[in-house]
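**Student:** Contents are compact mmCIF, C-alpha atoms; file name coords38.txt:
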```
# COMPACT_ATOMS: atom_id res chain seq x y z
CA MET N 1 113.41 97.25 119.17
CA TYR N 2 110.31 98.25 117.20
CA LYS N 3 107.34 100.16 118.60
CA PHE N 4 103.94 100.34 116.91
CA LEU N 5 101.41 103.09 116.26
CA VAL N 6 97.65 102.69 115.89
CA LYS N 7 94.96 105.29 115.35
CA THR N 8 91.33 104.33 115.99
CA LYS N 9 88.28 106.54 115.54
CA ASP N 10 88.80 108.29 118.85
CA LYS N 11 92.22 107.26 120.18
CA GLU N 12 95.91 107.19 119.30
CA LYS N 13 97.85 104.27 120.73
CA ILE N 14 101.44 103.10 121.07
CA PHE N 15 102.43 99.48 121.63
CA ILE N 16 105.76 98.78 123.30
CA TYR N 17 107.63 95.94 124.98
CA ARG N 18 108.81 96.26 128.59
CA PRO N 19 111.21 93.57 129.89
CA TYR N 20 109.30 92.81 133.11
CA ASP N 21 105.77 93.57 131.91
CA GLY N 22 105.55 92.13 128.40
CA ILE N 23 103.74 93.97 125.59
CA CYS N 24 102.00 97.12 126.78
CA GLU N 25 99.51 99.60 125.34
CA ILE N 26 99.85 103.37 125.81
CA THR N 27 97.15 105.89 124.90
CA LEU N 28 97.97 109.41 123.73
CA ARG N 29 95.72 112.08 125.21
CA ALA N 30 96.27 115.69 124.21
CA GLY N 31 99.81 114.78 123.22
CA ARG N 32 100.60 113.18 126.59
CA MET N 33 101.12 109.47 127.16
CA THR N 34 99.14 107.46 129.71
CA GLU N 35 100.74 104.82 131.93
CA PRO N 36 101.52 101.58 130.03
CA GLN N 37 98.87 98.88 130.40
CA CYS N 38 100.01 95.27 129.96
CA ILE N 39 97.99 93.36 127.35
CA CYS N 40 100.29 90.35 126.77
CA ARG N 41 102.52 89.44 129.70
CA GLU N 42 104.06 86.45 127.91
CA GLY N 43 104.90 88.57 124.84
CA SER N 44 108.48 89.38 123.84
CA GLU N 45 110.22 92.23 122.03
CA VAL N 46 109.62 90.30 118.78
CA PHE N 47 106.07 91.38 117.90
CA PHE N 48 103.99 93.17 115.26
CA VAL N 49 100.79 95.26 115.47
CA TYR N 50 98.45 96.67 112.82
CA LYS N 51 94.88 97.99 112.53
CA ASP N 52 92.64 96.92 109.64
CA ASN N 53 89.92 98.92 107.87
CA GLN N 54 87.25 97.54 110.23
CA GLU N 55 88.97 99.15 113.24
CA VAL N 56 90.21 95.78 114.53
CA ILE N 57 93.71 95.78 116.06
CA HIS N 58 95.83 92.68 115.43
CA LEU N 59 98.95 91.63 117.34
CA ILE N 60 101.32 88.69 116.96
CA THR N 61 104.36 87.85 119.07
CA ALA N 62 106.93 85.15 119.67
CA SER N 63 106.27 84.51 123.35
CA LYS N 64 108.73 83.81 126.11
CA ASN N 65 107.15 80.35 126.36
CA ASN N 66 108.34 79.43 122.87
CA GLN N 67 104.95 79.87 121.22
CA PHE N 68 103.43 82.21 118.66
CA VAL N 69 100.60 84.17 120.28
CA TYR N 70 98.01 85.99 118.18
CA MET N 71 95.68 88.61 119.67
CA CYS N 72 92.95 90.84 118.25
CA CYS N 73 91.03 93.72 119.78
CA LYS N 74 87.52 94.63 118.65
CA GLU N 75 85.54 97.37 120.39
CA GLY N 76 88.06 97.48 123.23
CA LYS N 77 88.04 93.73 123.98
CA TRP N 78 91.18 91.63 123.46
CA ASN N 79 91.05 87.94 122.50
CA LYS N 80 94.10 85.69 122.64
CA TYR N 81 95.01 82.55 120.65
CA ILE N 82 98.00 80.21 120.61
CA ILE N 83 98.94 79.60 116.97
CA CYS N 84 101.68 77.00 117.32
CA GLY N 85 104.84 76.12 119.18
CA ILE N 86 108.30 77.29 118.13
CA ASN N 87 111.10 74.84 117.38
CA GLU N 88 113.63 75.15 120.19
CA SER N 89 116.42 75.26 117.60
CA MET N 90 114.96 78.50 116.19
CA GLU N 91 115.74 82.02 117.35
CA ILE N 92 112.92 84.24 116.06
CA LYS N 93 114.20 87.59 114.78
CA ASN N 94 111.34 89.50 113.12
CA VAL N 95 107.61 88.97 112.56
CA MET N 96 105.08 90.70 110.26
CA ILE N 97 101.51 90.18 109.05
CA GLY N 98 100.37 91.04 105.53
CA LEU N 99 96.83 90.95 104.13
CA SER N 100 96.00 89.25 100.83
CA ASP N 101 92.86 88.11 99.02
CA ILE N 102 92.76 84.95 101.14
CA GLY N 103 93.28 86.66 104.52
CA GLN N 104 96.14 87.23 106.95
CA ASN N 105 99.61 85.98 106.07
CA PHE N 106 102.12 85.61 108.89
CA PHE N 107 105.86 85.86 108.14
CA TYR N 108 108.87 85.49 110.41
CA SER N 109 112.62 85.34 110.04
CA ALA N 110 114.62 83.03 112.28
CA LEU N 111 118.17 81.92 112.92
CA TYR N 112 118.10 78.14 112.50
CA HIS N 113 121.29 76.05 112.77
CA GLN N 114 123.44 79.14 112.10
CA GLU N 115 121.42 80.07 109.02
CA TYR N 116 118.72 82.69 108.50
CA ILE N 117 115.41 81.46 107.06
CA LEU N 118 112.11 83.10 106.10
CA VAL N 119 108.92 81.27 107.11
CA HIS N 120 105.29 81.81 106.02
CA CYS N 121 101.96 80.70 107.46
CA VAL N 122 98.35 81.56 106.59
CA LEU N 123 96.45 82.54 109.73
CA GLY N 124 93.00 81.22 110.46
CA ASN N 125 92.85 78.02 108.42
CA HIS N 126 95.02 75.68 110.51
CA ALA N 127 97.80 75.88 107.91
CA MET N 128 101.25 74.75 109.00
CA PRO N 129 104.28 77.07 108.71
CA SER N 130 106.46 76.47 105.66
CA THR N 131 109.96 77.74 104.92
CA ILE N 132 110.09 80.09 101.92
CA ASP N 133 113.83 80.53 101.49
CA ARG N 134 117.24 80.99 103.05
CA MET N 135 118.18 84.59 103.88
CA SER N 136 121.46 86.49 104.05
CA CYS N 137 120.19 88.57 106.99
CA GLU N 138 117.15 88.74 109.27
CA ASN N 139 115.54 91.80 107.62
CA PHE N 140 112.45 91.52 105.45
CA PHE N 141 109.51 93.78 104.60
CA VAL N 142 105.87 93.03 103.75
CA TYR N 143 104.07 95.40 101.39
CA LYS N 144 101.02 94.95 99.12
CA ASN N 145 100.93 91.16 98.62
CA ARG N 146 104.73 90.94 98.46
CA VAL N 147 107.40 89.97 100.95
CA TYR N 148 110.78 91.56 100.18
CA TYR N 149 114.01 89.98 101.47
CA SER N 150 117.62 89.21 100.63
CA ASN N 151 118.11 85.52 99.78
CA GLY N 152 121.01 83.30 100.80
CA ASP N 153 123.11 84.58 97.90
CA GLY N 154 122.64 88.23 98.91
CA ILE N 155 120.18 88.96 96.09
CA LEU N 156 117.34 91.28 97.03
CA GLY N 157 113.92 90.45 95.61
CA TYR N 158 110.37 89.48 96.51
CA SER N 159 107.81 86.69 96.58
CA ASN N 160 104.14 87.35 95.82
CA PHE N 161 101.70 85.91 98.38
CA SER N 162 98.39 87.13 96.92
CA ASP N 163 97.28 83.49 96.58
CA GLY N 164 98.72 82.49 99.95
CA LYS N 165 101.66 80.66 98.36
CA PRO N 166 104.83 82.78 98.19
CA ASP N 167 106.89 80.16 96.36
CA SER N 168 108.49 82.10 93.48
CA PHE N 169 111.38 84.53 94.12
CA VAL N 170 111.72 87.53 91.77
CA LYS N 171 115.29 88.81 91.72
CA LEU N 172 115.86 92.58 91.72
CA MET N 173 119.44 93.51 92.70
CA ARG N 174 122.11 92.88 95.32
CA GLY N 175 121.28 94.38 98.71
CA LYS N 176 119.50 94.06 102.04
CA MET N 177 117.28 95.97 104.50
CA PRO N 178 114.39 96.56 102.03
CA TYR N 179 111.79 99.27 102.66
CA ILE N 180 108.98 100.54 100.39
CA PHE N 181 107.75 104.11 100.82
CA ASN N 182 104.56 105.31 99.12
CA CYS N 183 103.99 109.03 98.67
CA ARG N 184 101.25 110.49 96.45
CA ASN N 185 100.80 107.10 94.78
CA GLU N 186 104.49 106.89 93.86
CA GLU N 187 106.61 104.09 95.33
CA TYR N 188 110.23 104.41 96.43
CA PHE N 189 112.36 101.32 97.03
CA VAL N 190 114.98 101.91 99.76
CA TYR N 191 117.75 99.41 100.55
CA LYS N 192 121.41 99.08 101.50
CA ASP N 193 124.25 97.35 99.66
CA GLU N 194 127.68 97.17 101.30
CA ASP N 195 128.21 100.68 102.77
CA ARG N 196 125.84 102.43 100.35
CA ILE N 197 122.16 103.38 100.69
CA TYR N 198 120.04 103.35 97.54
CA VAL N 199 116.61 104.67 96.57
CA ASN N 200 115.12 103.25 93.35
CA GLY N 201 118.56 101.97 92.32
CA GLU N 202 120.28 105.34 92.77
CA GLU N 203 123.06 105.71 95.35
CA CYS N 204 122.07 108.43 97.82
CA ALA N 205 124.37 108.06 100.86
CA ASN N 206 127.36 106.15 102.18
CA ASP N 207 127.50 104.95 105.79
CA ALA N 208 129.03 101.63 106.86
CA GLY N 209 127.09 101.64 110.15
CA ALA N 210 123.69 102.46 108.62
CA GLU N 211 120.72 100.39 109.74
CA ASN N 212 117.03 100.61 108.90
CA PRO N 213 117.22 103.15 106.04
CA ILE N 214 113.82 104.70 105.31
CA LEU N 215 112.20 107.68 103.58
CA VAL N 216 109.94 110.01 105.54
CA LYS N 217 107.77 112.91 104.49
CA ASN N 218 108.80 116.25 105.99
CA ARG N 219 106.22 118.91 105.15
CA GLU N 220 106.21 118.96 101.35
CA SER N 221 109.62 117.33 100.88
CA MET N 222 111.11 113.92 101.74
CA MET N 223 114.09 112.91 103.83
CA LEU N 224 116.27 109.81 103.69
CA MET N 225 116.81 108.68 107.28
CA TRP N 226 118.61 105.82 109.03
CA LYS N 227 119.97 104.72 112.38
CA ASN N 228 123.65 104.47 113.23
CA GLY N 229 124.13 103.12 116.72
CA ASP N 230 122.27 105.41 119.12
CA PHE N 231 121.93 108.22 116.58
CA VAL N 232 119.64 109.04 113.69
CA LYS N 233 121.17 110.48 110.52
CA TYR N 234 119.34 112.09 107.63
CA LEU N 235 119.63 113.84 104.26
CA PRO N 236 117.06 115.72 102.19
CA TYR N 237 116.00 113.45 99.34
CA GLU N 238 117.25 115.72 96.57
CA GLN N 239 119.91 115.11 93.93
CA LYS N 240 122.15 117.93 95.16
CA HIS N 241 122.43 116.36 98.61
CA PHE N 242 123.36 112.82 97.47
CA ASN N 243 126.71 111.63 98.84
CA THR N 244 127.16 114.72 101.00
CA LYS N 245 127.82 114.47 104.71
CA PRO N 246 124.55 113.61 106.46
CA MET N 247 123.14 115.62 109.33
CA GLN N 248 122.57 114.00 112.71
CA TYR N 249 119.85 114.33 115.32
CA ILE N 250 121.08 114.97 118.83
CA SER N 251 119.13 112.69 121.16
CA ASN N 252 120.33 114.12 124.50
CA GLY N 253 121.05 110.64 125.81
CA ILE N 254 117.72 109.17 124.68
CA ILE N 255 118.07 106.29 122.23
CA PRO N 256 115.71 106.77 119.24
CA SER N 257 113.22 104.04 118.36
CA VAL N 258 111.71 102.85 115.09
CA TYR N 259 107.91 103.23 115.07
CA ILE N 260 105.76 101.22 112.65
CA TYR N 261 102.33 102.29 111.35
CA SER N 262 100.59 99.53 109.37
CA ASP N 263 97.13 98.75 107.99
CA GLY N 264 98.12 95.20 106.97
CA ILE N 265 98.69 96.21 103.34
CA ARG N 266 101.03 99.16 103.55
CA CYS N 267 103.58 99.71 106.28
CA ARG N 268 105.35 102.95 107.15
CA GLU N 269 108.27 103.42 109.51
CA TYR N 270 109.30 106.48 111.50
CA MET N 271 112.02 107.37 113.96
CA GLY N 272 111.45 109.25 117.16
CA ILE N 273 111.95 109.50 120.90
CA SER N 274 109.70 109.60 123.97
CA SER N 275 110.66 112.25 126.49
CA ASN N 276 108.88 114.00 129.36
CA ASN N 277 105.83 111.78 128.85
CA SER N 278 105.41 112.93 125.23
CA LEU N 279 106.32 111.55 121.81
CA LYS N 280 108.49 113.33 119.25
CA PHE N 281 109.07 112.16 115.65
CA PHE N 282 111.91 113.23 113.36
CA ALA N 283 109.40 114.08 110.61
CA ASP N 284 105.72 114.93 110.19
CA ASP N 285 103.23 113.47 112.67
CA PRO N 286 102.40 109.94 111.38
CA PHE N 287 98.94 110.06 112.96
CA ALA N 288 98.05 112.85 110.54
CA LEU N 289 98.60 110.39 107.68
CA ASP N 290 95.40 108.49 108.42
CA ALA N 291 93.49 111.01 106.29
CA GLU N 292 96.06 110.51 103.51
CA TYR N 293 95.60 106.73 103.73
CA ILE N 294 91.82 107.17 103.42
CA LYS N 295 92.23 109.46 100.40
CA GLU N 296 94.51 106.94 98.67
CA ARG N 297 92.14 104.05 99.41
CA GLU N 298 89.26 106.09 97.97
CA PHE N 299 91.38 106.94 94.92
CA LEU N 300 92.23 103.26 94.32
CA LYS N 301 88.57 102.31 94.87
CA LYS N 302 87.46 104.87 92.28
CA GLN N 303 90.10 103.60 89.86
CA ALA N 304 88.73 100.06 90.26
CA GLU N 305 85.17 101.33 89.74
CA ILE N 306 86.21 103.19 86.58
CA LEU N 307 87.97 100.09 85.24
CA ASN N 308 84.89 97.99 85.97
CA LEU N 309 82.67 100.59 84.27
CA LYS N 310 84.91 100.56 81.17
CA THR N 311 84.66 96.76 81.03
CA GLN N 312 80.86 96.94 81.29
CA ILE N 313 80.75 99.57 78.51
CA GLU N 314 82.85 97.34 76.22
CA LEU N 315 80.50 94.43 76.89
CA LEU N 316 77.47 96.63 76.14
CA ARG N 317 79.08 97.82 72.90
CA LYS N 318 79.60 94.22 71.82
CA GLU N 319 75.99 93.36 72.68
CA ILE N 320 74.76 96.40 70.72
CA SER N 321 76.88 95.33 67.74
CA ASP N 322 75.37 91.82 67.90
CA TYR N 323 71.85 93.24 68.15
CA ARG N 324 72.46 95.46 65.10
CA LYS N 325 73.55 92.42 63.08
CA GLN N 326 70.40 90.57 64.11
CA ILE N 327 68.24 93.57 63.18
CA ARG N 328 69.92 93.79 59.74
CA ASN N 329 69.22 90.09 59.16
CA LEU N 330 65.60 90.52 60.18
CA ASN N 331 65.24 93.49 57.82
CA ILE N 332 66.61 91.40 54.95
CA ILE N 333 64.17 88.61 55.77
CA ILE N 334 61.26 91.02 55.90
CA ARG N 335 62.18 92.71 52.58
CA THR N 336 63.13 89.71 50.46
CA GLY N 337 61.70 86.70 52.17
CA GLU N 338 65.22 85.34 52.42
CA ASN N 339 67.71 85.12 55.22
CA VAL N 340 71.38 85.93 54.76
CA SER N 341 72.32 82.29 54.32
CA GLY N 342 70.37 82.02 51.07
CA LYS N 343 67.44 80.02 52.48
CA ASN N 344 63.88 80.97 51.59
CA ILE N 345 61.64 81.45 54.60
CA ASN N 346 58.74 79.72 52.80
CA ASN N 347 60.66 76.99 50.91
CA GLU N 348 63.51 74.68 51.77
CA SER N 349 65.89 76.39 49.31
CA ILE N 350 66.07 78.93 46.51
CA LYS N 351 66.05 77.52 42.98
CA GLU N 352 69.06 78.27 40.86
```
Using the file provided, produce a representation of the structure as structure tokens.

**Tutor:**
Amino acid sequence: MYKFLVKTKDKEKIFIYRPYDGICEITLRAGRMTEPQCICREGSEVFFVYKDNQEVIHLITASKNNQFVYMCCKEGKWNKYIICGINESMEIKNVMIGLSDIGQNFFYSALYHQEYILVHCVLGNHAMPSTIDRMSCENFFVYKNRVYYSNGDGILGYSNFSDGKPDSFVKLMRGKMPYIFNCRNEEYFVYKDEDRIYVNGEECANDAGAENPILVKNRESMMLMWKNGDFVKYLPYEQKHFNTKPMQYISNGIIPSVYIYSDGIRCREYMGISSNNSLKFFADDPFALDAEYIKEREFLKKQAEILNLKTQIELLRKEISDYRKQIRNLNIIIRTGENVSGKNINNESIKE
């Protein structure tokens, strides 16, 4: 069961599902958690939450009433919308939202007639859901205009949805459980194939019971982390530790959860536990990453501005070159009374 993290200008929030209450919001104050407040009673454990750059919180869930419910919160006020009904033959497994140039893209995996499928829908324009592909498992991951998944043949790849039409599948390798981790503008592709866990195509660990393999930042280093039943296992992400026996967090009877922090473009996952009314992560505090996100967005913005400036300079250089040619032609006309084509400016043509 996933839980979700959101950081606004003045608050840190956790979104969880409670069986008898629906989807609830918890606020962190001085490291302590407030009592859960129900925001979507009809919501189920299948839901997704993210905050965009305008401080708007978005939530989508497969409701207990067999409907997809979309909610958004702006300046503390929640609005609720029913997107569409769910086919009774479908068992919804996972949902995610990804932003593209055309807006919000809603994805979900479902078990339909004993087969996993991946479905896409553009939110906000009355578009109907459409099936993208068959899947070999329910796991998929949305990151920067791409949805990563393992198709019906067990091939891991992605479809690009920047234009709102993820219809072409790019094959990468065999595997499942995709996850993309971005650190200092470098991307790491984590996945599992058979009993082995890979990062960027390199085998790093072996665990038949591994689920949800991810990379997390721990101070200045990185750790490869995954769940195995009620435990969390991990290895430092360094060559010398590959294929060694992983270490294991002792949870003292508390089952760890996977926490998701998303801005609709990038999505990071963490593992942690809540105990004694406080939250503990098995890595650096994810809320501290908001400053890192802002720095990276500013870096990418500056890169785009530099690229645009270079394009403008090239255009100006071309214009200057054209102007110089025109000036040379005018100088010839002024000096000789002829233009460069051999025509006399006073007569129709020059006599042989």

**Student:** At a cut-off of 9 Å, using all atoms listed in the file, what residues contact N:Thr244? Leave out same-chain residues fewer than 4 positions from it and give the result as JSON, numbers by chain.

**Tutor:** {"N": [204, 205, 206, 235, 240]}

**Student:** Those residues you just picked out, can you put them in a file as a PDB file, keeping the file's coordinate frame with C-alpha atoms?

**Tutor:**
```
ATOM      1  CA  CYS N 204     122.070 108.430  97.820  1.00  0.00           C
ATOM      2  CA  ALA N 205     124.370 108.060 100.860  1.00  0.00           C
ATOM      3  CA  ASN N 206     127.360 106.150 102.180  1.00  0.00           C
ATOM      4  CA  LEU N 235     119.630 113.840 104.260  1.00  0.00           C
ATOM      5  CA  LYS N 240     122.150 117.930  95.160  1.00  0.00           C
TER       6      LYS N 240
END
```

**Student:** Would you work out the distance separating atom CA of N:Gly103 from atom CA of N:Gly164, expressed in Å to one decimal?

**Tutor:**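 Interatomic distance, atom CA of N:Gly103 to atom CA of N:Gly164: 8.2 Å.
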
**Student:** Would you give the centre and edge lengths, in Å to one decimal, of a box along x, y and z around the listed atoms of stretch 223-228 of chain N, with 5 Å added to each side, as AutoDock Vina command-line options?

**Tutor:**
```
--center_x 118.9 --center_y 108.7 --center_z 108.5 --size_x 19.6 --size_y 18.4 --size_z 19.5
```

**Student:** What is the atom CA of N:Asn200-atom CA of N:Tyr188 distance in Å, reported with one decimal?

**Tutor:**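 Computing it gives 5.9 Å between the two atoms.
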
**Student:** Which residues are close to N:Ile23, i.e. within 8 Å by only C-alpha atoms, leaving aside same-chain residues fewer than 5 positions away? Reply as a list in words.

**Tutor:**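 Final neighbour list, sorted by chain and number: Phe15, Ile16, Tyr17, Arg18, Cys38, Ile39, Cys40, Arg41, Glu42, Gly43, Ser44 and Glu45 of chain N.
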
**Student:** I need the residue nearest N:Lys13 from this list: N:Met135, N:Lys144, N:Cys183, N:Phe287. Use all atoms listed in the file for the distance.

**Tutor:**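 Of N:Met135, N:Lys144, N:Cys183, N:Phe287, the one nearest N:Lys13 is N:Phe287, counting all atoms listed in the file.
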
**Student:** If you take all atoms listed in the file and a cut-off of 10 Å, which residues of stretch 118-214 of chain N touch stretch 72-96 of chain N, and what are their nearest atom pairs and distances in Å to one decimal, in chain and number order, as CSV?

**Tutor:**
```
residue,atom,partner,partner_atom,distance
N:Leu118,CA,N:Asn94,CA,9.5
N:Val119,CA,N:Val95,CA,9.5
N:His120,CA,N:Met96,CA,9.9
N:Leu123,CA,N:Ile83,CA,8.2
N:Gly124,CA,N:Ile83,CA,9.0
N:His126,CA,N:Ile83,CA,8.5
N:Ala127,CA,N:Ile83,CA,9.9
N:Met128,CA,N:Cys84,CA,8.6
N:Pro129,CA,N:Cys84,CA,9.0
N:Cys137,CA,N:Lys93,CA,9.9
N:Glu138,CA,N:Lys93,CA,6.4
N:Asn139,CA,N:Asn94,CA,7.3
N:Phe140,CA,N:Asn94,CA,8.0
N:Phe141,CA,N:Met96,CA,7.8
N:Val142,CA,N:Met96,CA,7.0
N:Val147,CA,N:Met96,CA,9.6
```

**Student:** Report, in Å with one decimal, the straight-line distance from atom CA of N:Thr27 to atom CA of N:Ile14.

**Tutor:**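 Distance reported for this atom pair: 6.4 Å.
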